[in-house]
$ cat query-v6.cif   # mmCIF, C-alpha atoms
data_query
#
loop_
_atom_site.label_atom_id
_atom_site.label_comp_id
_atom_site.auth_asym_id
_atom_site.auth_seq_id
_atom_site.Cartn_x
_atom_site.Cartn_y
_atom_site.Cartn_z
CA MET O 1 40.21 6.51 -13.79
CA SER O 2 38.15 4.12 -15.84
CA HIS O 3 34.61 2.87 -15.93
CA ARG O 4 34.59 1.28 -19.36
CA GLY O 5 34.44 -2.44 -20.01
CA THR O 6 34.15 -4.58 -16.91
CA LEU O 7 34.32 -2.70 -13.63
CA THR O 8 37.79 -2.98 -12.13
CA GLU O 9 38.65 -4.70 -8.88
CA ASP O 10 39.81 -1.34 -7.52
CA LEU O 11 36.60 0.56 -6.74
CA THR O 12 38.47 3.88 -6.65
CA ARG O 13 39.13 3.62 -10.39
CA VAL O 14 35.45 4.20 -11.13
CA ASP O 15 35.16 7.97 -11.62
CA LEU O 16 31.94 9.07 -9.92
CA THR O 17 32.47 12.64 -11.15
CA ASP O 18 32.01 11.44 -14.75
CA PRO O 19 28.28 11.40 -15.69
CA SER O 20 28.81 8.65 -18.26
CA ALA O 21 29.83 6.29 -15.45
CA PHE O 22 26.22 6.07 -14.31
CA LEU O 23 25.10 4.70 -17.68
CA HIS O 24 27.44 1.72 -17.31
CA PRO O 25 25.43 -1.53 -17.07
CA GLY O 26 27.64 -2.73 -14.23
CA MET O 27 26.95 0.11 -11.80
CA GLU O 28 24.53 -1.98 -9.74
CA ASP O 29 27.32 -4.52 -9.21
CA PHE O 30 29.71 -1.68 -8.37
CA TRP O 31 27.45 -0.38 -5.61
CA ARG O 32 26.86 -3.88 -4.28
CA ARG O 33 30.62 -4.39 -4.02
CA ALA O 34 31.09 -0.96 -2.46
CA ARG O 35 28.52 -1.68 0.26
CA THR O 36 30.20 -5.01 1.02
CA GLU O 37 33.90 -4.28 0.56
CA GLN O 38 34.39 -0.53 1.07
CA PRO O 39 31.19 1.08 2.35
CA VAL O 40 33.13 4.28 3.10
CA TYR O 41 36.14 5.07 0.91
CA LEU O 42 38.04 8.13 -0.30
CA HIS O 43 37.41 8.96 -3.94
CA PRO O 44 40.58 10.40 -5.48
CA ALA O 45 40.68 13.97 -6.77
CA THR O 46 39.88 14.39 -10.46
CA GLU O 47 40.10 17.19 -12.98
CA ARG O 48 36.59 18.15 -11.83
CA GLY O 49 37.44 18.64 -8.17
CA THR O 50 39.03 17.55 -4.93
CA ALA O 51 38.86 14.18 -3.20
CA PHE O 52 35.69 13.22 -1.32
CA TRP O 53 34.35 10.37 0.79
CA VAL O 54 31.94 7.91 -0.84
CA VAL O 55 29.28 6.57 1.55
CA SER O 56 27.16 3.79 0.06
CA ARG O 57 25.56 1.78 2.89
CA TYR O 58 22.09 2.65 4.22
CA ALA O 59 23.09 2.71 7.90
CA ASP O 60 26.05 5.02 7.22
CA VAL O 61 24.07 7.36 4.97
CA MET O 62 21.35 7.60 7.60
CA ALA O 63 23.93 8.24 10.34
CA VAL O 64 25.39 11.21 8.48
CA LEU O 65 22.00 12.66 7.54
CA GLN O 66 20.95 12.61 11.19
CA ASP O 67 24.23 13.97 12.56
CA SER O 68 23.97 17.76 12.34
CA GLU O 69 26.57 18.10 15.09
CA HIS O 70 29.40 16.79 12.93
CA PHE O 71 28.13 17.49 9.40
CA SER O 72 27.05 20.69 7.66
CA SER O 73 24.89 21.33 4.60
CA LYS O 74 25.93 24.97 4.37
CA PRO O 75 28.93 24.67 2.00
CA GLY O 76 26.81 22.73 -0.52
CA ASN O 77 24.71 19.59 -0.85
CA MET O 78 25.70 18.44 -4.34
CA MET O 79 28.99 17.02 -5.55
CA SER O 80 29.26 19.65 -8.28
CA SER O 81 28.77 22.62 -5.93
CA LEU O 82 31.16 21.23 -3.32
CA HIS O 83 33.83 21.06 -6.01
CA LYS O 84 33.47 24.77 -6.80
CA PRO O 85 36.04 27.16 -5.31
CA GLY O 86 34.35 28.85 -2.37
CA GLY O 87 31.44 26.41 -2.36
CA ASP O 88 27.85 27.17 -3.31
CA PRO O 89 27.02 30.92 -3.58
CA ALA O 90 23.61 30.24 -1.97
CA ALA O 91 25.24 28.84 1.18
CA GLY O 92 23.57 30.11 4.33
CA LYS O 93 20.69 31.68 2.40
CA ILE O 94 18.67 28.85 0.92
CA LEU O 95 16.78 26.41 3.15
CA ALA O 96 18.69 23.37 1.89
CA LEU O 97 22.06 25.06 2.56
CA THR O 98 21.55 26.32 6.09
CA ASP O 99 22.30 24.72 9.44
CA ALA O 100 20.52 25.02 12.77
CA PRO O 101 19.36 27.28 14.32
CA ARG O 102 18.69 29.41 11.23
CA HIS O 103 17.51 26.36 9.27
CA ASN O 104 14.90 25.60 11.90
CA ALA O 105 13.59 29.18 11.94
CA MET O 106 13.37 29.36 8.15
CA ARG O 107 11.68 25.97 7.90
CA SER O 108 9.15 27.02 10.54
CA ILE O 109 8.18 30.10 8.51
CA LEU O 110 7.63 28.02 5.40
CA LEU O 111 5.67 25.29 7.19
CA LYS O 112 3.30 27.89 8.63
CA ALA O 113 2.77 29.32 5.16
CA PHE O 114 2.17 25.84 3.80
CA SER O 115 -1.21 25.66 5.51
CA PRO O 116 -3.89 22.99 4.90
CA ARG O 117 -5.89 25.60 2.98
CA THR O 118 -2.93 26.40 0.71
CA ARG O 119 -2.19 22.71 0.15
CA LYS O 120 -5.81 22.00 -0.73
CA ALA O 121 -5.86 24.88 -3.21
CA VAL O 122 -2.86 23.58 -5.13
CA THR O 123 -3.85 19.90 -4.96
CA ASP O 124 -7.38 20.66 -6.22
CA LYS O 125 -5.82 22.08 -9.38
CA LEU O 126 -3.39 19.19 -9.62
CA GLN O 127 -5.78 16.35 -10.47
CA GLN O 128 -7.49 18.44 -13.12
CA ARG O 129 -4.12 19.32 -14.68
CA VAL O 130 -3.00 15.67 -14.68
CA ASP O 131 -6.27 14.45 -16.23
CA GLN O 132 -6.01 17.05 -18.98
CA LEU O 133 -2.36 16.36 -19.76
CA ILE O 134 -2.72 12.58 -19.90
CA GLY O 135 -6.00 12.79 -21.83
CA SER O 136 -4.51 15.08 -24.46
CA ALA O 137 -1.41 12.91 -24.81
CA MET O 138 -3.39 9.68 -25.13
CA ALA O 139 -5.44 11.18 -27.96
CA LYS O 140 -2.24 11.18 -30.04
CA GLY O 141 -1.76 7.42 -29.69
CA THR O 142 2.01 7.40 -29.29
CA PHE O 143 3.60 10.20 -27.30
CA ASP O 144 6.58 11.10 -25.12
CA PHE O 145 5.41 10.77 -21.53
CA ALA O 146 8.49 12.57 -20.18
CA LYS O 147 8.14 15.64 -22.38
CA GLU O 148 4.38 15.84 -22.97
CA VAL O 149 3.10 14.93 -19.51
CA ALA O 150 5.64 14.67 -16.70
CA GLU O 151 7.45 17.93 -17.41
CA ALA O 152 4.39 20.10 -16.83
CA ILE O 153 3.01 18.54 -13.64
CA PRO O 154 5.54 19.47 -10.92
CA MET O 155 6.28 22.90 -12.37
CA GLY O 156 2.59 23.76 -12.46
CA MET O 157 2.17 22.77 -8.82
CA ILE O 158 5.24 24.56 -7.46
CA CYS O 159 4.31 27.69 -9.41
CA ASP O 160 0.82 27.56 -7.89
CA LEU O 161 2.34 27.21 -4.44
CA LEU O 162 4.77 30.08 -4.92
CA GLY O 163 2.06 32.24 -6.49
CA PHE O 164 3.38 32.62 -10.04
CA PRO O 165 0.80 33.52 -12.73
CA SER O 166 -0.37 30.51 -14.75
CA GLN O 167 0.58 32.18 -18.04
CA ASP O 168 4.24 32.15 -16.93
CA HIS O 169 4.45 28.43 -16.11
CA GLN O 170 5.81 27.30 -19.49
CA TYR O 171 8.37 30.10 -19.51
CA LEU O 172 9.55 29.07 -16.03
CA LEU O 173 9.63 25.41 -17.02
CA ASP O 174 11.90 26.24 -19.96
CA LEU O 175 14.22 28.29 -17.74
CA SER O 176 14.41 25.64 -15.02
CA GLN O 177 15.26 22.93 -17.53
CA LYS O 178 18.16 24.99 -18.85
CA ALA O 179 19.27 25.88 -15.31
CA LEU O 180 19.40 22.16 -14.44
CA SER O 181 20.89 21.25 -17.79
CA THR O 182 22.75 17.96 -18.06
CA ASP O 183 25.78 17.27 -20.21
CA GLU O 184 23.55 15.83 -22.95
CA ASP O 185 21.67 19.05 -23.65
CA GLY O 186 24.39 20.78 -25.65
CA LEU O 187 24.08 24.08 -23.79
CA THR O 188 27.14 26.18 -23.04
CA ALA O 189 28.09 27.27 -19.54
CA GLU O 190 27.00 30.77 -20.56
CA ASP O 191 23.56 29.50 -21.65
CA ILE O 192 23.04 27.84 -18.27
CA TRP O 193 24.31 30.90 -16.38
CA LEU O 194 21.98 33.20 -18.32
CA SER O 195 18.99 30.94 -17.66
CA ARG O 196 19.69 30.83 -13.95
CA ASN O 197 20.03 34.60 -13.78
CA GLU O 198 16.84 35.14 -15.78
CA LEU O 199 15.05 32.88 -13.31
CA LEU O 200 16.44 34.89 -10.38
CA ILE O 201 15.41 38.19 -11.96
CA TYR O 202 11.88 36.89 -12.52
CA CYS O 203 11.63 35.86 -8.86
CA GLN O 204 12.90 39.28 -7.76
CA GLU O 205 10.13 41.02 -9.68
CA ILE O 206 7.45 38.84 -8.09
CA ILE O 207 8.91 39.42 -4.62
CA GLU O 208 8.74 43.19 -5.03
CA ALA O 209 5.08 42.91 -6.01
CA ARG O 210 4.30 40.68 -3.01
CA ARG O 211 5.95 43.05 -0.54
CA GLU O 212 3.52 45.71 -1.68
CA ASN O 213 0.52 43.39 -1.96
CA PRO O 214 0.93 40.08 -0.04
CA GLN O 215 -1.04 37.05 -1.24
CA ASP O 216 -1.74 33.61 0.21
CA ASP O 217 1.42 32.00 -1.18
CA LEU O 218 4.95 31.01 -0.17
CA ILE O 219 6.64 34.06 -1.70
CA SER O 220 4.45 36.38 0.35
CA ALA O 221 5.20 34.37 3.49
CA MET O 222 8.95 34.72 2.98
CA ALA O 223 8.81 38.35 1.83
CA THR O 224 6.86 39.45 4.92
CA SER O 225 8.51 37.26 7.60
CA GLU O 226 11.34 37.85 10.06
CA ILE O 227 13.99 35.54 11.51
CA ASN O 228 15.05 36.59 14.99
CA GLY O 229 13.45 39.98 14.41
CA VAL O 230 15.26 40.57 11.11
CA PRO O 231 13.29 40.44 7.82
CA MET O 232 14.45 37.98 5.20
CA THR O 233 16.41 39.89 2.57
CA ASP O 234 15.39 40.00 -1.08
CA ASP O 235 18.46 37.93 -1.85
CA GLU O 236 17.39 35.22 0.60
CA VAL O 237 13.83 35.13 -0.71
CA VAL O 238 15.03 35.03 -4.32
CA VAL O 239 17.42 32.11 -3.85
CA ASN O 240 14.81 30.17 -1.89
CA CYS O 241 12.28 30.65 -4.71
CA TYR O 242 14.94 29.47 -7.12
CA GLY O 243 15.63 26.45 -4.92
CA PHE O 244 11.95 25.52 -4.69
CA ILE O 245 11.56 25.71 -8.46
CA LEU O 246 14.53 23.44 -9.13
CA ALA O 247 14.05 21.02 -6.22
CA GLY O 248 10.30 20.88 -6.72
CA ASP O 249 10.75 19.73 -10.28
CA HIS O 250 13.12 16.80 -10.47
CA THR O 251 12.06 14.28 -7.79
CA SER O 252 8.40 13.82 -8.70
CA ARG O 253 8.97 14.31 -12.44
CA LEU O 254 11.66 11.66 -12.71
CA ALA O 255 9.81 9.34 -10.32
CA MET O 256 6.61 9.38 -12.41
CA ILE O 257 8.60 8.86 -15.62
CA GLY O 258 10.44 5.98 -13.97
CA ALA O 259 7.14 4.53 -12.77
CA VAL O 260 5.66 4.43 -16.27
CA HIS O 261 8.87 2.85 -17.57
CA ALA O 262 8.76 0.23 -14.79
CA PHE O 263 5.07 -0.53 -15.49
CA SER O 264 5.99 -1.29 -19.11
CA ARG O 265 8.74 -3.68 -17.95
CA TYR O 266 6.77 -5.32 -15.14
CA PRO O 267 3.16 -5.61 -16.33
CA ASP O 268 2.29 -7.90 -13.41
CA GLN O 269 2.99 -5.04 -11.02
CA TRP O 270 0.92 -2.68 -13.15
CA ARG O 271 -2.02 -5.10 -13.10
CA ALA O 272 -1.75 -5.47 -9.32
CA LEU O 273 -1.99 -1.70 -8.95
CA LYS O 274 -4.75 -1.20 -11.51
CA GLU O 275 -6.86 -4.01 -10.07
CA GLY O 276 -6.51 -2.68 -6.52
CA ARG O 277 -4.43 -5.56 -5.17
CA VAL O 278 -1.79 -2.98 -4.25
CA GLN O 279 -2.60 0.35 -2.64
CA ILE O 280 -1.44 3.56 -4.35
CA SER O 281 0.19 4.72 -1.11
CA SER O 282 2.39 1.61 -1.05
CA ALA O 283 3.16 1.86 -4.76
CA ILE O 284 4.37 5.44 -4.40
CA GLU O 285 7.02 4.49 -1.84
CA GLU O 286 8.37 1.69 -4.02
CA ILE O 287 8.42 3.99 -7.04
CA LEU O 288 10.45 6.53 -5.05
CA ARG O 289 12.85 3.83 -3.83
CA TRP O 290 13.17 2.23 -7.25
CA THR O 291 13.84 5.44 -9.15
CA THR O 292 15.81 7.45 -6.51
CA PRO O 293 15.83 10.57 -8.74
CA ALA O 294 18.48 12.42 -6.68
CA MET O 295 21.35 9.95 -6.59
CA HIS O 296 23.38 11.69 -3.91
CA THR O 297 23.46 14.26 -1.13
CA GLY O 298 26.54 16.15 -0.02
CA ARG O 299 27.78 17.16 3.44
CA THR O 300 30.94 18.72 4.87
CA ALA O 301 32.47 17.53 8.15
CA LYS O 302 32.47 20.19 10.89
CA ALA O 303 34.69 18.11 13.16
CA GLU O 304 36.58 14.83 13.09
CA VAL O 305 34.19 11.88 13.18
CA THR O 306 34.20 8.16 12.42
CA ILE O 307 31.78 6.73 9.84
CA GLY O 308 31.84 3.09 8.80
CA GLY O 309 35.19 2.60 10.52
CA ARG O 310 36.86 5.44 8.58
CA THR O 311 38.05 8.71 10.09
CA ILE O 312 36.51 11.75 8.43
CA ARG O 313 38.44 14.93 9.18
CA GLU O 314 37.13 18.47 9.61
CA GLY O 315 36.55 20.08 6.22
CA ASP O 316 36.30 16.79 4.32
CA HIS O 317 33.48 16.49 1.79
CA VAL O 318 31.20 13.48 2.14
CA ILE O 319 28.91 12.29 -0.66
CA LEU O 320 26.03 10.10 0.47
CA TRP O 321 24.77 7.83 -2.30
CA ASN O 322 21.01 7.45 -1.87
CA SER O 323 20.93 5.38 -5.05
CA SER O 324 23.07 2.74 -3.32
CA ALA O 325 21.43 3.01 0.11
CA ASN O 326 18.01 2.38 -1.46
CA ARG O 327 19.35 -0.93 -2.80
CA ASP O 328 20.97 -2.05 0.45
CA GLU O 329 20.21 -5.74 0.97
CA ASP O 330 20.42 -5.34 4.76
CA VAL O 331 17.38 -3.03 4.66
CA PHE O 332 15.45 -4.01 1.52
CA PRO O 333 15.05 -7.76 0.85
CA ASN O 334 15.51 -8.52 -2.87
CA PRO O 335 16.24 -4.83 -3.62
CA GLN O 336 16.55 -5.47 -7.38
CA VAL O 337 12.88 -6.52 -7.49
CA PHE O 338 10.25 -3.88 -8.28
CA ASP O 339 7.65 -4.74 -5.66
CA LEU O 340 4.79 -2.26 -5.24
CA ALA O 341 3.59 -4.06 -2.11
CA ARG O 342 6.98 -3.77 -0.37
CA THR O 343 6.71 -3.03 3.32
CA PRO O 344 8.37 -1.62 5.28
CA ASN O 345 9.89 0.75 2.76
CA LYS O 346 11.88 3.43 4.57
CA HIS O 347 13.74 4.69 1.51
CA LEU O 348 15.99 7.75 1.52
CA SER O 349 14.72 9.42 -1.65
CA PHE O 350 13.59 12.41 0.42
CA GLY O 351 16.59 12.30 2.73
CA ALA O 352 16.28 12.11 6.52
CA GLY O 353 16.87 14.19 9.61
CA SER O 354 16.45 17.96 9.80
CA HIS O 355 16.82 18.32 6.03
CA PHE O 356 14.08 15.82 5.16
CA CYS O 357 12.59 17.14 1.91
CA PHE O 358 10.28 20.08 2.57
CA GLY O 359 8.26 19.28 -0.55
CA SER O 360 7.77 15.54 0.05
CA TYR O 361 4.02 16.05 0.50
CA LEU O 362 3.79 17.75 -2.90
CA ALA O 363 5.83 15.07 -4.64
CA ARG O 364 3.66 12.29 -3.25
CA ALA O 365 0.50 14.23 -4.20
CA GLU O 366 1.74 14.60 -7.78
CA ILE O 367 2.61 10.92 -8.17
CA THR O 368 -0.72 9.97 -6.57
CA ALA O 369 -2.63 12.08 -9.10
CA VAL O 370 -0.77 10.45 -12.00
CA LEU O 371 -1.37 6.93 -10.70
CA LYS O 372 -5.08 7.61 -10.13
CA THR O 373 -5.53 8.83 -13.70
CA LEU O 374 -3.54 5.94 -15.16
CA CYS O 375 -5.48 3.34 -13.16
CA ALA O 376 -8.79 4.86 -14.24
CA THR O 377 -8.02 5.22 -17.96
CA VAL O 378 -5.19 2.90 -19.05
CA ASP O 379 -5.26 -0.86 -19.55
CA ARG O 380 -1.71 -1.52 -20.80
CA ILE O 381 1.46 0.57 -20.93
CA GLU O 382 3.79 -0.17 -23.82
CA LEU O 383 7.10 1.35 -24.83
CA ALA O 384 6.99 2.93 -28.28
CA GLY O 385 10.71 3.63 -28.59
CA ASP O 386 13.96 3.65 -26.66
CA PRO O 387 13.98 5.69 -23.43
CA LYS O 388 16.68 8.36 -23.28
CA PRO O 389 18.56 8.27 -19.96
CA LEU O 390 19.83 11.46 -18.36
CA LEU O 391 23.56 12.10 -18.45
CA SER O 392 24.19 13.42 -14.96
CA THR O 393 26.12 12.78 -11.76
CA PHE O 394 23.17 13.96 -9.65
CA LEU O 395 19.88 13.05 -11.33
CA SER O 396 18.82 9.56 -12.40
CA GLY O 397 16.03 8.89 -14.85
CA TYR O 398 14.87 9.52 -18.40
CA SER O 399 14.55 12.74 -20.37
CA SER O 400 12.47 11.00 -23.04
CA LEU O 401 10.05 8.07 -22.77
CA PRO O 402 8.02 7.25 -25.90
CA VAL O 403 4.96 5.19 -24.93
CA SER O 404 1.52 4.04 -25.96
CA PHE O 405 -1.26 3.81 -23.38
CA VAL O 406 -3.68 1.10 -24.50
CA THR O 407 -7.25 1.27 -23.19
CA ASP O 408 -10.09 -1.23 -23.29
CA GLU O 409 -12.09 1.39 -25.16
CA SER O 410 -9.43 1.67 -27.86
CA VAL O 411 -9.65 -2.09 -28.42
CA VAL O 412 -13.42 -1.86 -28.88
CA THR O 413 -13.03 1.07 -31.23
CA ASP O 414 -10.55 -0.84 -33.38
CA GLU O 415 -12.91 -3.82 -33.61
CA SER O 416 -15.83 -1.55 -34.50
CA ALA O 417 -13.81 0.12 -37.23
CA ALA O 418 -12.87 -3.27 -38.65
CA PHE O 419 -16.55 -4.28 -38.76
CA VAL O 420 -17.57 -1.11 -40.57
CA THR O 421 -14.92 -1.57 -43.26
CA GLY O 422 -15.77 -5.23 -43.74
CA GLU O 423 -12.43 -6.48 -42.44
CA SER O 424 -14.07 -8.64 -39.77
CA ALA O 425 -16.22 -10.43 -42.36
CA ALA O 426 -13.15 -11.16 -44.45
CA GLN O 427 -11.58 -12.85 -41.41
#
$ encode --input "query-v6.cif" --output "structure tokens"
Amino acid sequence: MSHRGTLTEDLTRVDLTDPSAFLHPGMEDFWRRARTEQPVYLHPATERGTAFWVVSRYADVMAVLQDSEHFSSKPGNMMSSLHKPGGDPAAGKILALTDAPRHNAMRSILLKAFSPRTRKAVTDKLQQRVDQLIGSAMAKGTFDFAKEVAEAIPMGMICDLLGFPSQDHQYLLDLSQKALSTDEDGLTAEDIWLSRNELLIYCQEIIEARRENPQDDLISAMATSEINGVPMTDDEVVVNCYGFILAGDHTSRLAMIGAVHAFSRYPDQWRALKEGRVQISSAIEEILRWTTPAMHTGRTAKAEVTIGGRTIREGDHVILWNSSANRDEDVFPNPQVFDLARTPNKHLSFGAGSHFCFGSYLARAEITAVLKTLCATVDRIELAGDPKPLLSTFLSGYSSLPVSFVTDESVVTDESAAFVTGESAAQ
């Protein structure tokens, strides 16, 4: 298959299992053609795995997400895990990879633990953390927003929610980044495997401590709860902690990085937000649609079913492309326009149906905190270097974003300094 040069007339020649395909400048045109010409088509097998169905249109993606009768999440929900022999090892144990009725019971336990008091406790810390991170970064003048700000925000919040000690947050951030390593990071398969196992071992140690001394956190809730009268096993609690750490990191982190990048490209939209002509709540939804950090979601057919006029057979893998659905012209007028006032904006960045993202509240809270701080302290957002896009078939966004945040105060300070040195008189 090929994706180099101009995109071919045959859509099936674009290899969606190759991460470099998603850096091709013509991918937007590819998805537009797919939605129009072949909204559901069979992607040929590659050296990376078996054939799978590509679903690109909003209506079809939504139909699959809401159809738990014909489609299962249990074998895996990512293209890479579905290609593995035997599927995902966490199948049936982790919330994201369970089907009803167990999924419903597990989700109910977690929602009860995620009480208003718990949410308030973690969100109270959030704004303070965001203010400190952005303030420290701005003091440097030019900085990498992705690495110096965005990386620390979601991990700090999910660790607070799970009940991990604050002194371990950086250690866990490092491990999670290696565990979710992309092809660009230069890590070996062994490096990634070791990081994932180290993360699991850490979670196991915390679980043992919580069984003996429960706290007001998610780990304690899982470690002390039962499903149909049977306690959750250590293995189940461990893999769910692992899943929360990884899932809780990428959506909000990549969305806030993408937002800052978009503000630098579309200063009119930034001014509308800063000046209050657009509400933060509206801006957040457009940021999530625009960035779509998780490009796809995977399902496996449990029975023969028809989607978009194509017959999906039992056992077939189906990859739902949120990144295409969130640009569907039938749902989003002028989808290539970054419009913070867009309404309605029923994007699929958090999925839909029974597997709608459990942490959507947290992600929105994190992005809200960042936008509040930026609106209060920053006048202009300028790129200070080339952004570095991720090389991935699953995540979309930037791993590096050099920027300068210009403030009104900094302008005054510069003018004052010029006056003191006599430069203003010389002008």
$ resolve_selection --input "query-v6.cif" --expression "the PyMOL selection byres ((chain O and resi 197-202) around 8)" --output "list in words"
Leu172, Leu175, Ser176, Trp193, Leu194, Ser195, Arg196, Cys203, Gln204, Glu205, Ile206, Val238, Val239 and Tyr242 of chain O
$ resolve_selection --input "query-v6.cif" --expression "the PyMOL selection byres ((chain O and resi 36-51) around 12)" --output "number ranges by chain"
O: 1-2, 9-19, 29-35, 52-61, 64, 79-85, 87, 306-313, 315-321, 324-325, 328-330, 393
$ axis_aligned_box --input "query-v6.cif" --around "range 98-102 of chain O" --padding-each-side "4 Å" --output "lines of an AutoDock Vina configuration file"
center_x = 20.5
center_y = 27.1
center_z = 10.2
size_x = 11.6
size_y = 12.7
size_z = 16.2
$ atom_distance --input "query-v6.cif" --atom1 "CA of Val370 in chain O" --atom2 "CA of Ile134 in chain O"
8.4 Å
$ resolve_selection --input "query-v6.cif" --expression "the PyMOL selection byres ((chain O and resi 288) around 9)" --output "mmCIF file with C-alpha atoms, in the coordinates of the input"
data_model
loop_
_atom_site.group_PDB
_atom_site.id
_atom_site.type_symbol
_atom_site.label_atom_id
_atom_site.label_comp_id
_atom_site.auth_asym_id
_atom_site.auth_seq_id
_atom_site.Cartn_x
_atom_site.Cartn_y
_atom_site.Cartn_z
ATOM 1 C CA THR O 251 12.060 14.280 -7.790
ATOM 2 C CA SER O 252 8.400 13.820 -8.700
ATOM 3 C CA ALA O 255 9.810 9.340 -10.320
ATOM 4 C CA MET O 256 6.610 9.380 -12.410
ATOM 5 C CA GLY O 258 10.440 5.980 -13.970
ATOM 6 C CA ALA O 259 7.140 4.530 -12.770
ATOM 7 C CA ALA O 283 3.160 1.860 -4.760
ATOM 8 C CA ILE O 284 4.370 5.440 -4.400
ATOM 9 C CA GLU O 285 7.020 4.490 -1.840
ATOM 10 C CA GLU O 286 8.370 1.690 -4.020
ATOM 11 C CA ILE O 287 8.420 3.990 -7.040
ATOM 12 C CA ARG O 289 12.850 3.830 -3.830
ATOM 13 C CA TRP O 290 13.170 2.230 -7.250
ATOM 14 C CA THR O 291 13.840 5.440 -9.150
ATOM 15 C CA THR O 292 15.810 7.450 -6.510
ATOM 16 C CA PRO O 293 15.830 10.570 -8.740
ATOM 17 C CA HIS O 347 13.740 4.690 1.510
ATOM 18 C CA LEU O 348 15.990 7.750 1.520
ATOM 19 C CA SER O 349 14.720 9.420 -1.650
ATOM 20 C CA PHE O 350 13.590 12.410 0.420
#
$ atom_distance --input "query-v6.cif" --atom1 "CA of Asp144 in chain O" --atom2 "CA of Val403 in chain O"
6.1 Å
$ decode --input "query-v6.cif" --residues "range 90-103 of chain O" --atoms "N, CA and C atoms" --output "PDB file, in the first residue's frame"
ATOM      1  N   ALA O  90      -6.123  -7.520  28.659  1.00  0.00           N
ATOM      2  CA  ALA O  90      -6.989  -6.940  29.694  1.00  0.00           C
ATOM      3  C   ALA O  90      -8.467  -7.148  29.387  1.00  0.00           C
ATOM      4  N   ALA O  91      -8.766  -7.882  28.309  1.00  0.00           N
ATOM      5  CA  ALA O  91     -10.152  -8.094  27.902  1.00  0.00           C
ATOM      6  C   ALA O  91     -10.973  -8.714  29.026  1.00  0.00           C
ATOM      7  N   GLY O  92     -12.130  -8.129  29.276  1.00  0.00           N
ATOM      8  CA  GLY O  92     -13.025  -8.634  30.299  1.00  0.00           C
ATOM      9  C   GLY O  92     -12.679  -8.202  31.709  1.00  0.00           C
ATOM     10  N   LYS O  93     -11.581  -7.477  31.877  1.00  0.00           N
ATOM     11  CA  LYS O  93     -11.153  -7.054  33.211  1.00  0.00           C
ATOM     12  C   LYS O  93     -11.228  -5.539  33.383  1.00  0.00           C
ATOM     13  N   ILE O  94     -10.839  -4.822  32.360  1.00  0.00           N
ATOM     14  CA  ILE O  94     -10.788  -3.372  32.430  1.00  0.00           C
ATOM     15  C   ILE O  94     -12.120  -2.796  31.950  1.00  0.00           C
ATOM     16  N   LEU O  95     -12.531  -1.688  32.536  1.00  0.00           N
ATOM     17  CA  LEU O  95     -13.840  -1.100  32.238  1.00  0.00           C
ATOM     18  C   LEU O  95     -14.060  -0.928  30.737  1.00  0.00           C
ATOM     19  N   ALA O  96     -13.063  -0.417  30.047  1.00  0.00           N
ATOM     20  CA  ALA O  96     -13.212  -0.133  28.615  1.00  0.00           C
ATOM     21  C   ALA O  96     -13.353  -1.394  27.771  1.00  0.00           C
ATOM     22  N   LEU O  97     -12.925  -2.546  28.321  1.00  0.00           N
ATOM     23  CA  LEU O  97     -12.933  -3.795  27.559  1.00  0.00           C
ATOM     24  C   LEU O  97     -13.864  -4.823  28.183  1.00  0.00           C
ATOM     25  N   THR O  98     -14.987  -4.362  28.687  1.00  0.00           N
ATOM     26  CA  THR O  98     -16.020  -5.259  29.189  1.00  0.00           C
ATOM     27  C   THR O  98     -17.342  -4.924  28.503  1.00  0.00           C
ATOM     28  N   ASP O  99     -18.207  -5.914  28.435  1.00  0.00           N
ATOM     29  CA  ASP O  99     -19.542  -5.716  27.886  1.00  0.00           C
ATOM     30  C   ASP O  99     -20.567  -5.868  29.008  1.00  0.00           C
ATOM     31  N   ALA O 100     -21.792  -5.433  28.732  1.00  0.00           N
ATOM     32  CA  ALA O 100     -22.877  -5.610  29.689  1.00  0.00           C
ATOM     33  C   ALA O 100     -23.104  -7.120  29.911  1.00  0.00           C
ATOM     34  N   PRO O 101     -23.517  -7.537  31.121  1.00  0.00           N
ATOM     35  CA  PRO O 101     -23.886  -6.688  32.264  1.00  0.00           C
ATOM     36  C   PRO O 101     -22.718  -6.308  33.184  1.00  0.00           C
ATOM     37  N   ARG O 102     -21.564  -6.971  33.014  1.00  0.00           N
ATOM     38  CA  ARG O 102     -20.450  -6.696  33.921  1.00  0.00           C
ATOM     39  C   ARG O 102     -19.985  -5.249  33.791  1.00  0.00           C
ATOM     40  N   HIS O 103     -19.994  -4.725  32.578  1.00  0.00           N
ATOM     41  CA  HIS O 103     -19.581  -3.343  32.355  1.00  0.00           C
ATOM     42  C   HIS O 103     -20.441  -2.389  33.180  1.00  0.00           C
TER      43      HIS O 103
END
